[in-house]
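Text of the file upload.txt, holding compact mmCIF, C-alpha atoms:
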# COMPACT_ATOMS: atom_id res chain seq x y z
CA MET X 696 -18.34 75.46 -34.62
CA ALA X 697 -21.19 77.74 -33.61
CA THR X 698 -22.20 81.00 -35.19
CA GLY X 699 -23.57 84.06 -33.50
CA ASN X 700 -27.12 83.00 -34.35
CA GLY X 701 -26.84 79.81 -32.28
CA HIS X 702 -26.76 77.44 -35.26
CA ALA X 703 -23.97 74.90 -35.43
CA GLU X 704 -21.94 74.75 -38.60
CA CYS X 705 -19.66 71.99 -39.73
CA ASP X 706 -16.66 73.11 -41.73
CA VAL X 707 -15.90 70.45 -44.33
CA LEU X 708 -12.18 71.04 -43.89
CA THR X 709 -12.28 70.12 -40.19
CA ARG X 710 -14.09 66.81 -40.70
CA PRO X 711 -12.06 63.61 -40.32
CA ALA X 712 -10.66 62.39 -43.64
CA ASP X 713 -12.80 59.23 -43.68
CA ILE X 714 -15.98 61.28 -43.43
CA ARG X 715 -14.86 63.70 -46.16
CA LYS X 716 -14.21 60.76 -48.50
CA ALA X 717 -17.64 59.18 -48.01
CA ALA X 718 -20.18 60.27 -50.57
CA MET X 719 -23.42 61.18 -48.87
CA TYR X 720 -25.53 59.79 -51.69
CA ASP X 721 -23.61 56.83 -53.05
CA ILE X 722 -25.90 53.93 -53.91
CA LYS X 723 -23.35 51.64 -52.22
CA ASN X 724 -24.43 53.23 -48.93
CA LEU X 725 -27.57 51.11 -49.12
CA ASP X 726 -25.36 48.17 -48.14
CA LYS X 727 -25.28 49.78 -44.70
CA MET X 728 -28.90 48.73 -44.27
CA LYS X 729 -27.43 45.40 -43.19
CA ALA X 730 -26.50 47.14 -39.94
CA LEU X 731 -30.20 47.85 -39.37
CA GLU X 732 -30.94 44.17 -39.95
CA ILE X 733 -28.32 43.26 -37.34
CA HIS X 734 -29.32 45.81 -34.72
CA ALA X 735 -33.10 45.86 -35.25
CA PRO X 736 -33.90 42.59 -37.03
CA GLU X 737 -37.61 42.36 -36.28
CA ALA X 738 -38.35 45.94 -37.26
CA MET X 739 -36.33 45.61 -40.49
CA LYS X 740 -38.04 42.32 -41.31
CA ALA X 741 -41.40 44.02 -40.85
CA PHE X 742 -40.32 47.01 -42.97
CA VAL X 743 -39.10 44.81 -45.83
CA ALA X 744 -42.33 42.80 -45.77
CA PHE X 745 -44.41 46.00 -45.75
CA ASP X 746 -42.39 47.50 -48.60
CA LYS X 747 -42.80 44.35 -50.72
CA ALA X 748 -46.54 44.19 -50.01
CA ALA X 749 -47.07 47.88 -50.76
CA LEU X 750 -45.34 47.61 -54.15
CA ALA X 751 -46.78 44.24 -55.19
CA ASP X 752 -49.31 43.93 -57.99
CA GLY X 753 -52.83 44.51 -56.75
CA ALA X 754 -55.69 46.77 -57.81
CA ILE X 755 -52.86 49.00 -59.07
CA SER X 756 -50.22 47.24 -61.15
CA ARG X 757 -46.60 47.18 -60.00
CA LYS X 758 -45.66 49.42 -62.93
CA TYR X 759 -47.98 52.19 -61.78
CA LYS X 760 -46.96 51.71 -58.15
CA GLU X 761 -43.34 52.24 -59.23
CA LEU X 762 -44.37 55.41 -61.08
CA ILE X 763 -46.17 56.59 -57.93
CA ALA X 764 -43.02 55.77 -55.94
CA LEU X 765 -40.99 57.82 -58.41
CA GLY X 766 -43.33 60.80 -58.01
CA VAL X 767 -42.95 60.59 -54.25
CA ALA X 768 -39.17 60.20 -54.57
CA PHE X 769 -38.94 63.27 -56.80
CA THR X 770 -40.95 65.21 -54.23
CA THR X 771 -38.92 64.02 -51.23
CA GLN X 772 -35.76 64.35 -53.35
CA CYS X 773 -34.33 61.06 -52.14
CA PRO X 774 -31.60 60.07 -54.62
CA TYR X 775 -31.64 56.46 -53.41
CA CYS X 776 -35.37 56.15 -54.02
CA ILE X 777 -35.06 57.89 -57.39
CA GLU X 778 -32.40 55.44 -58.53
CA VAL X 779 -34.07 52.31 -57.14
CA HIS X 780 -37.58 53.15 -58.35
CA THR X 781 -36.36 54.38 -61.75
CA ASN X 782 -34.72 51.00 -62.27
CA ASN X 783 -37.79 49.20 -60.95
CA ALA X 784 -40.16 51.25 -63.12
CA ARG X 785 -38.07 50.60 -66.22
CA GLY X 786 -38.01 46.90 -65.28
CA THR X 787 -41.80 46.85 -65.35
CA GLY X 788 -41.84 48.49 -68.78
CA ALA X 789 -42.24 52.16 -67.85
CA SER X 790 -41.25 54.41 -70.73
CA ASP X 791 -39.37 57.71 -70.71
CA GLN X 792 -42.68 59.42 -71.48
CA GLU X 793 -44.36 57.84 -68.43
CA ILE X 794 -41.42 58.76 -66.20
CA ALA X 795 -41.42 62.32 -67.59
CA GLU X 796 -45.12 62.64 -66.79
CA ALA X 797 -44.46 61.34 -63.25
CA VAL X 798 -41.81 64.06 -62.90
CA LEU X 799 -44.28 66.75 -63.94
CA VAL X 800 -47.08 65.44 -61.73
CA ALA X 801 -44.68 65.54 -58.77
CA ALA X 802 -43.58 69.06 -59.72
CA ALA X 803 -47.17 70.25 -60.04
CA LEU X 804 -48.12 68.85 -56.65
CA ARG X 805 -45.03 70.30 -54.99
CA ALA X 806 -45.77 73.69 -56.56
CA GLY X 807 -49.39 73.40 -55.50
CA GLY X 808 -48.26 72.77 -51.94
CA ALA X 809 -46.21 75.97 -52.03
CA ILE X 810 -49.22 77.90 -53.34
CA THR X 811 -51.68 76.56 -50.78
CA HIS X 812 -49.25 76.93 -47.88
CA GLY X 813 -48.45 80.41 -49.14
CA THR X 814 -52.02 81.43 -48.46
CA HIS X 815 -51.17 81.34 -44.75
CA ALA X 816 -48.93 84.37 -45.34
CA MET X 817 -51.74 86.40 -46.87
CA LYS X 818 -53.76 88.93 -44.87
CA GLY X 819 -56.88 88.08 -46.81
CA ILE X 820 -59.13 90.03 -49.13

Kindly return the structure encoded in the file as structure tokens.
Amino acid sequence: MATGNGHAECDVLTRPADIRKAAMYDIKNLDKMKALEIHAPEAMKAFVAFDKAALADGAISRKYKELIALGVAFTTQCPYCIEVHTNNARGTGASDQEIAEAVLVAAALRAGGAITHGTHAMKGI
């Protein structure tokens, strides 16, 4: 349905029942990635290889890469990434204190982005 301002709205009550039942952010939805493997196998294979290489131990240990991934996930607010990388970080020995600090680093950077982008609204001195 469209509103007077030209934006489309979707009324939850008019959605088909199967769509209403599906949780948008249910970790089981990640199983649907198999469809990407079927329909775009080479691209998915390349993505999986890239993801594994990016998170592998290197100059930065896997633990700290998982904490970086968590900071990014908190900033992008991806619940799948938060769940996956929280589990991965804990699996590499990350503590609650380290995860808490990753949360606050992400919050500080996100707030800093709002501040610096907010300068574009200022007339100047």

(request) Take atom CA of Ser756 of chain X and atom CA of Gly788 of chain X and report the distance between them in Å, one decimal. (result)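 Between atom CA of Ser756 of chain X and atom CA of Gly788 of chain X the gap is 11.4 Å.
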
(request) Find the residue from X:Lys723, X:Arg805, X:Lys729, X:Arg757 that sits nearest to Asn783 of chain X; use all atoms listed in the file when measuring. (result)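 The closest residue to Asn783 of chain X is X:Arg757.
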
(request) Kindly give the distance, in Å, that separates atom CA of Ala802 of chain X and atom CA of Pro774 of chain X, rounded to a single decimal. (result)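 Value for the atom CA of Ala802 of chain X-atom CA of Pro774 of chain X distance: 15.8 Å.
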
(request) Could you check how far atom CA of Thr770 of chain X sits from atom CA of Ala801 of chain X, in Å to one decimal? (result) 5.9 Å

(request) Could you tell me which of X:Ala749, X:Val767, X:Glu761, X:Lys740 comes closest to Leu804 of chain X if we count all atoms listed in the file? (result)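 Among X:Ala749, X:Val767, X:Glu761, X:Lys740, it is X:Val767 that comes nearest to Leu804 of chain X.
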